[in-house]
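What follows is a single structure, written as C-alpha cells, with notes after it.
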Amino acid sequence: MYGRQKITEYLSSIIKSAFENISGADNISPSIQIETPKEERNGDFSTNIAMKYSKALAMNPRQLADLIVENIGNDHKYISKVQVAGAGFINFYMNNDWLYDELDIILSEKYAYGQNKLAESKRINVEYVSANPTGPLHIGNARGGAVGDALANIYKWAGWECEKEFYLNDAGNQIKKFAQSLSARYMQLYQEDYPFPEDGYRGEDIILIAENYKELFADKLLNVPDSVREAELADFGLKINIDNMKKVLDQYGVAYDTWFKESDLHNSSAIDDIVTILTENGATYEKDGALWFKATDYDCEKDEVLIRQNGVPTYYLADIAYHFNKLSVRNFDLAVDVWGADHHGHVHRMKMALKAAGIDPERLHIVLMQLVRLVKNDEAVRMSKRKGEIVTLDELIEDVGVDAARFVFNSYAPSTHMDFDLDLAIKQSSENPVFYVQYAYARMCSILEAVEITDILPDFVLLNSKQEIALLKRMADFSTQIELSAKEFDPSRMTKYAYDLASDFHSFYNACRVKSEDEVLTVTRYRLLEGCRYILKNTLDILGVSAPQKM
RNA sequence: GCGCCAGUAGCUCAGUCGGAUAGAGCAACGGCCUUCUAAGCCGUGUGUCAGGGGUUCGAAUCCCUUCUGGCGCGCCA
C-alpha cells in the first residue's frame with residue numbers, strides 16, 4: 001500500500017483501538033471511514049465514527065468523540081493534533097512527515113511506485129472494442145478502446161493479473177450478410193444489374209474489397225456456385241478487415257493479449273457443452289422446433305431462443321458459451337466487458353444465463369458506455385457515411401491525434417452521454433486539457449534537465465510552502481485513485497487525477513524556483529519534481545497518452 | 001406499455017460507496033515574464049443539485065412518485 005491508502009490504514013488502526021478501549025464498545029467491530037474534509041480548518045483527515053456508533057453506546061456523539069480522542073492520546077508519529085468538531089467529527093491534523101516519508105518511497109521505487117500487490121493473486125479478463133469485422137472501426141469503438149485499455153491498465157496497477165481481449169465475431173449471421181454483400185458487389189463488377197441483397201451492407205468499403213479481389217484474381221469467381229464465391233470472398237474480406245483493425249488499434253496504442261474467435265466456439269464442442277449444462281440444470285425447453293432458455297425463471301422478461309428452428313445457434317447462445325469459456329474453462333476470477341449502452345438489454349440475460357450454468361453472475365461485470373455524439377461548430381455531426389465526415393477511428397486519429405482522442409474519451413465517466421468536440425480536440429491551447437497535462441510533463445523534464453545538482457542530500461523539511469504540500473498530497477493520492485478507478489470501473493478518475501497533478505505542479509512552478517543559491521533547497525525541490533514526474537508519467541501511461549519531454 | 005442510463009453554475013463535467021458553508025474547467029474581467037518552458041500562474045461570482053414527498057443527528061447522494069432527454073424490448077448481432 002502507498003501514500004494515502006497507507007495513512008488511512010494507519011489512522012484506522014489508531015481509531016479502532018481507541019474505540020475498542022471504551023467500555024461497552026469492545027464487542028463492536030467498527031467499520032472505520034476516513035475522509036478528507038472539504039474545509040482546511042477541519043484538518044487533514046476526519047472520521048465520523050462517533051456519530052455512527054453513538055446510538056449503539058447510548059451516548060451523544062460529541063461525548064463519544066471526546067472519549068475516543070482521549071484514548072487516542074498525543075504520541076503518534078504523524079499526528080500533530082486531534083480535535084472534535086461539528087456534530088461529532090473527529091478531525092486529524094497531520095504533520096508533514098508522512099508526506100516526506102512517501103517521497104522517499106517514490107524516489108526509490110521510481111516508475112514502479114504505486115503498483116499494488118493483492119493479498120492473493122487474482123486474474124481478470126478485460127474485453128473491449130470487439131467490433132464486427134464486417135467494416136472499419138467507428139467512433140463508438142474509439143471510446144470503447146480508450147476506456148477498456150485504460151481500465152485494463154488500471155487493474156494491472158491495482159495488482160490484478162490482467163489479460164486484454166478482443167472477441168472476434170467471425171461467425172454467424174452478419175458474416176453471412178457480409179459474404180453475400182461482397183459476392184453481389186463482385187458480380188456487379190461484371191454485370192451491372194446483378195441484384196444486391198435487401199439487407200446487405202451498403203458501405204463503400206464492401207465495394208473496395210470486391211474491386212481489390214478482382215484486381216488480384218480477376219474473374220476467378222465469376223462462374224462458380226454462389227456458396228463457393230461467398231465463402232472465398234468472406235475469407236478474403238475478413239482478412240483485410242481484421243488486418244486493418246489490428247493496424248488501426250495498434251496506431252491507437254491498443255494491443256491485445258488475446259484475439260478470441262467466435263468461430264472457434266462453433267468449431268469445437270463449446271456450444272454443445274453449454275447446451276448440455278443448461279439442459280441438465282433444467283433451464284431449457286423445446287418449442288416450435290427451437291431450443292429455448294427459460295429466462296423467465298431467472299427474473300427476465302421473456303424466454304430466449306438458443307437454437308433456432310433451422311438448427312443454427314443464436315448469437316446469444318454463442319455469447320453464453322464465450323463467457324462460460326472465460327469464467328469456467330479459462331477460469332478468470334473476473335470478466336469485464338465494455339459494451340455500448342445500446343446493448344444494455346443484453347446484460348441481465350447474459351448474467352442470468354451464467355447463473356443457470358452454475359456460475360456466480362457477479363463474476364461478470366459489464367461497463368456500459370453511453371453513445372458518443374460528435375460536435376463541430378456547436379452542431380452535432382451526423383454519423384452518416386457521407387464523405388468528409390469523421391466516422392472511422394483512423395480518420396479520427398488523423399484529425400485529432402491519438403493523445404487528444406484517448407484523453408477526451410477518458411475525460412468522462414463511461415455512463416455519461418458525451419459530446420466529442422472536434423474543434424476543441426485539435427486546439428493546441430489551454431482550452432484543451434490534454435495539452436495542459438502534457439505541457440506540465442514537458443516543463444518538469446526541462447527543469448530537471450536545466451538544473452544541475454550535486455550529490456548532497458535533500459532535506460524534505462524544506463518543502464513546506466502551501467504549493468509544495470499540496471503537490472506532495474496529490475502525489476500521495478495516486479494509489480488511492482487507482483484503487484477507486486478499479487472499484488468503480490471508471491478510468492476518467494485517472495484523467496482527472498492527471499489534470500489535478502498537472503495543476504498542482506504548475507502552481508508550484510510559479511510559486512517556487514527549483515534553481516537557487518541554496519544548494520540544499522535546490523536538490524530538495526529537484527527531488528520533489530523527480531518524484532512528481534514518475535507519477536505523472538505513470539498516470540499518462542495508464543491512459544495511453546504520450547508524455548512528451550519537449551513541447 | 002415495460003426496462004436500463006442520465007438530469008448539478010451560461011456551457012462541459014466533478015462531487016471520495018449519507019457528512020461540516022455543493023466544487024473544477026471553459027467562457028468574462030483585472031493582474032504576473034531582465035531569473036528553471038506565459039501551451040503557465042494569481043485574483044473577481046454564479047446555484048430551486050429537474051419538481052414533489054419520505055427515511056435520520058445529517059440527503060446532490062438512499063426509498064417512493066412525477067417530468068424531461070438518450071437507448072433498449074427480433075428464431076438480428
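Chain lettering (A, B, ...) mirrors the order of the C-alpha cells, residue numbering begins at 1 for each chain separately, and ligand numbering begins at 1 in order of display.
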If we count only C-alpha atoms (C1' of nucleotides) and set the cut-off at 6 Å, which residues sit around segment 413-421 of chain A, ignoring sequence neighbours fewer than 6 positions away in its own chain? Please answer as a PDB file with C-alpha atoms, in the first residue's frame.
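As written to disk, selection.pdb reads:
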```pdb
ATOM      1  CA  MET A 369     -20.705   3.253 -22.334  1.00  0.00           C
ATOM      2  CA  GLN A 370     -23.203   5.801 -23.470  1.00  0.00           C
ATOM      3  CA  LEU A 371     -23.054   6.733 -27.099  1.00  0.00           C
ATOM      4  CA  VAL A 372     -20.762   9.424 -28.430  1.00  0.00           C
ATOM      5  CA  ARG A 373     -22.077  12.424 -30.252  1.00  0.00           C
ATOM      6  CA  LEU A 374     -19.643  14.290 -32.461  1.00  0.00           C
ATOM      7  CA  VAL A 375     -19.832  18.049 -32.269  1.00  0.00           C
ATOM      8  CA  LYS A 376     -18.340  20.568 -34.646  1.00  0.00           C
ATOM      9  CA  ASP A 490     -14.074   4.295 -14.238  1.00  0.00           C
ATOM     10  CA  SER A 492     -11.986   9.046 -16.075  1.00  0.00           C
TER      11      SER A 492
END
```
- Within 10 Å of segment 57-69 of chain B, counting only C-alpha atoms (C1' of nucleotides), which residues show up once you throw out same-chain ones fewer than 6 positions away? Write them as a list in words, please. Met51, Lys52, Ser54, Asn60, Pro61, Ala87 and Gly88 of chain A; A6, G7, U8, G15, C17, G18, G19, A20, A22, C49, A50 and G51 of chain B
Can you write just those residues out, C-alpha atoms (C1' of nucleotides), as a PDB file, in the first residue's frame?
```
ATOM      1  CA  MET A  51     -21.808   9.728  15.037  1.00  0.00           C
ATOM      2  CA  LYS A  52     -22.109   6.248  13.692  1.00  0.00           C
ATOM      3  CA  SER A  54     -23.329   6.913  19.434  1.00  0.00           C
ATOM      4  CA  ASN A  60     -24.340  11.658  22.403  1.00  0.00           C
ATOM      5  CA  PRO A  61     -21.873  11.839  19.527  1.00  0.00           C
ATOM      6  CA  ALA A  87     -21.823  17.240  15.220  1.00  0.00           C
ATOM      7  CA  GLY A  88     -19.151  14.852  16.439  1.00  0.00           C
TER       8      GLY A  88
ATOM      9  C1'   A B   6     -28.869  10.180 -17.327  1.00  0.00           C
ATOM     10  C1'   G B   7     -30.815  15.398 -15.376  1.00  0.00           C
ATOM     11  C1'   U B   8     -25.720  19.697 -10.515  1.00  0.00           C
ATOM     12  C1'   G B  15     -18.694  15.556  -6.060  1.00  0.00           C
ATOM     13  C1'   C B  17     -19.931   3.621  -1.528  1.00  0.00           C
ATOM     14  C1'   G B  18     -25.074   9.538   3.722  1.00  0.00           C
ATOM     15  C1'   G B  19     -21.079  14.266   6.240  1.00  0.00           C
ATOM     16  C1'   A B  20     -19.426  20.108   8.021  1.00  0.00           C
ATOM     17  C1'   A B  22     -22.056  21.838  -3.187  1.00  0.00           C
ATOM     18  C1'   C B  49     -28.400  19.907  -7.124  1.00  0.00           C
ATOM     19  C1'   A B  50     -35.199  18.684 -12.752  1.00  0.00           C
ATOM     20  C1'   G B  51     -40.118  19.015  -9.349  1.00  0.00           C
TER      21        G B  51
END
```
- Message: Excluding Lys246 of chain A and its own-chain neighbours fewer than 5 positions away, which residues fall within 10 Å of it when counting only C-alpha atoms (C1' of nucleotides)? Please give them as a ChimeraX atom specification.
- Response: /A:241,251-252,254-256
- Selection near Gly135 of chain A, 10 Å with only C-alpha atoms (C1' of nucleotides), sequence-local residues under 3 positions removed, as an MDAnalysis selection string: chainID A and resid 131:132 138 178 201 203:206 237:238 240:242 244:245 392
- Item | All residues 12 Å or closer to Asn538 of chain A, only C-alpha atoms (C1' of nucleotides), same chain fewer than 2 positions away omitted, as a PyMOL selection string | chain A and resi 106+110-115+150+153-154+157+441+475+478-479+482+494-495+497-498+501+531-536+540-547
Export, as a short mmCIF file (atom, residue, chain, number, x, y, z; two decimals), in the first residue's frame, the selected residues with N, CA and C atoms.
```
data_model
loop_
_atom_site.label_atom_id
_atom_site.label_comp_id
_atom_site.auth_asym_id
_atom_site.auth_seq_id
_atom_site.Cartn_x
_atom_site.Cartn_y
_atom_site.Cartn_z
N ILE A 106 8.71 7.06 -3.18
CA ILE A 106 8.54 7.35 -4.61
C ILE A 106 9.90 7.36 -5.30
N LYS A 110 10.65 4.63 -8.02
CA LYS A 110 10.60 5.23 -9.36
C LYS A 110 9.34 4.87 -10.14
N TYR A 111 9.51 4.33 -11.35
CA TYR A 111 8.34 4.07 -12.20
C TYR A 111 7.49 2.90 -11.70
N ALA A 112 7.99 2.18 -10.72
CA ALA A 112 7.19 1.08 -10.17
C ALA A 112 6.34 1.56 -9.00
N TYR A 113 6.49 2.83 -8.65
CA TYR A 113 5.75 3.35 -7.50
C TYR A 113 4.24 3.28 -7.73
N GLY A 114 3.56 2.71 -6.77
CA GLY A 114 2.10 2.68 -6.86
C GLY A 114 1.55 1.36 -7.36
N GLN A 115 2.43 0.44 -7.71
CA GLN A 115 1.95 -0.86 -8.16
C GLN A 115 1.62 -1.73 -6.97
N ALA A 150 -7.52 1.59 -20.86
CA ALA A 150 -7.14 2.25 -19.61
C ALA A 150 -7.59 1.42 -18.40
N ASN A 153 -5.28 -1.39 -17.85
CA ASN A 153 -4.04 -0.90 -17.24
C ASN A 153 -4.23 -0.61 -15.75
N ILE A 154 -5.36 -0.05 -15.43
CA ILE A 154 -5.67 0.26 -14.04
C ILE A 154 -5.68 -1.01 -13.20
N TRP A 157 -2.24 -2.17 -12.41
CA TRP A 157 -1.65 -1.37 -11.34
C TRP A 157 -2.26 -1.71 -9.99
N TYR A 441 4.24 18.00 -18.04
CA TYR A 441 5.28 16.98 -18.09
C TYR A 441 6.55 17.52 -18.77
N MET A 475 0.45 13.79 -4.90
CA MET A 475 1.28 12.64 -5.28
C MET A 475 0.93 11.43 -4.42
N PHE A 478 -2.08 9.14 -5.50
CA PHE A 478 -2.05 8.35 -6.75
C PHE A 478 -2.65 6.96 -6.60
N SER A 479 -2.15 6.25 -5.62
CA SER A 479 -2.55 4.86 -5.45
C SER A 479 -4.03 4.72 -5.09
N ILE A 482 -6.08 4.95 -8.21
CA ILE A 482 -6.09 3.71 -8.97
C ILE A 482 -7.08 2.73 -8.36
N MET A 494 -8.73 8.76 -13.42
CA MET A 494 -7.29 8.93 -13.62
C MET A 494 -7.00 10.15 -14.50
N THR A 495 -7.89 10.42 -15.44
CA THR A 495 -7.73 11.60 -16.28
C THR A 495 -7.82 12.85 -15.42
N TYR A 497 -7.26 12.96 -12.29
CA TYR A 497 -6.07 13.00 -11.44
C TYR A 497 -4.88 13.60 -12.18
N ALA A 498 -4.70 13.20 -13.42
CA ALA A 498 -3.59 13.74 -14.23
C ALA A 498 -3.72 15.26 -14.32
N LEU A 501 -2.93 16.83 -10.87
CA LEU A 501 -1.49 16.77 -10.59
C LEU A 501 -0.76 17.84 -11.40
N GLY A 531 10.12 13.00 -8.37
CA GLY A 531 9.05 12.11 -7.92
C GLY A 531 7.75 12.41 -8.64
N CYS A 532 7.48 13.67 -8.79
CA CYS A 532 6.26 14.09 -9.46
C CYS A 532 6.24 13.59 -10.91
N ARG A 533 7.39 13.64 -11.53
CA ARG A 533 7.47 13.20 -12.92
C ARG A 533 7.20 11.70 -13.06
N TYR A 534 7.72 10.91 -12.13
CA TYR A 534 7.43 9.47 -12.17
C TYR A 534 5.92 9.24 -12.17
N ILE A 535 5.26 9.96 -11.29
CA ILE A 535 3.83 9.71 -11.11
C ILE A 535 3.02 10.20 -12.31
N LEU A 536 3.38 11.36 -12.82
CA LEU A 536 2.63 11.86 -13.98
C LEU A 536 2.85 10.93 -15.19
N LEU A 540 -0.11 8.94 -17.20
CA LEU A 540 -0.31 9.06 -18.65
C LEU A 540 -0.19 7.70 -19.33
N ASP A 541 0.73 6.88 -18.84
CA ASP A 541 0.86 5.52 -19.39
C ASP A 541 -0.44 4.74 -19.23
N ILE A 542 -1.02 4.85 -18.07
CA ILE A 542 -2.27 4.15 -17.80
C ILE A 542 -3.33 4.58 -18.81
N LEU A 543 -3.35 5.88 -19.10
CA LEU A 543 -4.36 6.41 -20.02
C LEU A 543 -4.01 6.17 -21.48
N GLY A 544 -2.78 5.77 -21.75
CA GLY A 544 -2.36 5.57 -23.13
C GLY A 544 -2.08 6.88 -23.84
N VAL A 545 -1.71 7.89 -23.06
CA VAL A 545 -1.39 9.20 -23.63
C VAL A 545 0.11 9.40 -23.50
N SER A 546 0.75 9.92 -24.55
CA SER A 546 2.20 10.03 -24.52
C SER A 546 2.64 11.17 -23.61
N ALA A 547 3.86 11.05 -23.11
CA ALA A 547 4.42 12.05 -22.21
C ALA A 547 5.63 12.69 -22.90
#
```
Closest atom pairs, residues of chain B within 8 Å of chain A, only C-alpha atoms (C1' of nucleotides), as a tab-separated table:
```
residue	atom	partner	partner_atom	distance
B:C4	C1'	A:His344	CA	6.4
B:C5	C1'	A:Ser415	CA	7.0
B:A6	C1'	A:Thr416	CA	6.9
B:C13	C1'	A:Tyr412	CA	7.5
B:U16	C1'	A:Glu35	CA	7.0
B:G19	C1'	A:Asn48	CA	7.7
B:A20	C1'	A:Gly86	CA	6.5
B:C26	C1'	A:Glu431	CA	6.8
B:C36	C1'	A:Ile447	CA	5.0
B:U37	C1'	A:Arg443	CA	5.7
B:A39	C1'	A:Ser429	CA	5.2
B:G40	C1'	A:His506	CA	6.6
B:C41	C1'	A:Asn510	CA	5.6
B:C57	C1'	A:Ala87	CA	7.5
B:G70	C1'	A:His417	CA	7.8
B:C71	C1'	A:Asp342	CA	5.5
B:G72	C1'	A:Gly345	CA	5.7
B:C73	C1'	A:Gly345	CA	7.5
B:C75	C1'	A:Arg308	CA	4.8
B:C76	C1'	A:Asn173	CA	7.8
B:A77	C1'	A:Tyr315	CA	6.4
```
- Message: Show me, as an NGL selection string, the residues that have an atom within 9 Å of Lys16 of chain A when counting only C-alpha atoms (C1' of nucleotides), minus same-chain residues fewer than 2 positions from it.
- Response: :A and (11-14 or 18-21 or 29-32)
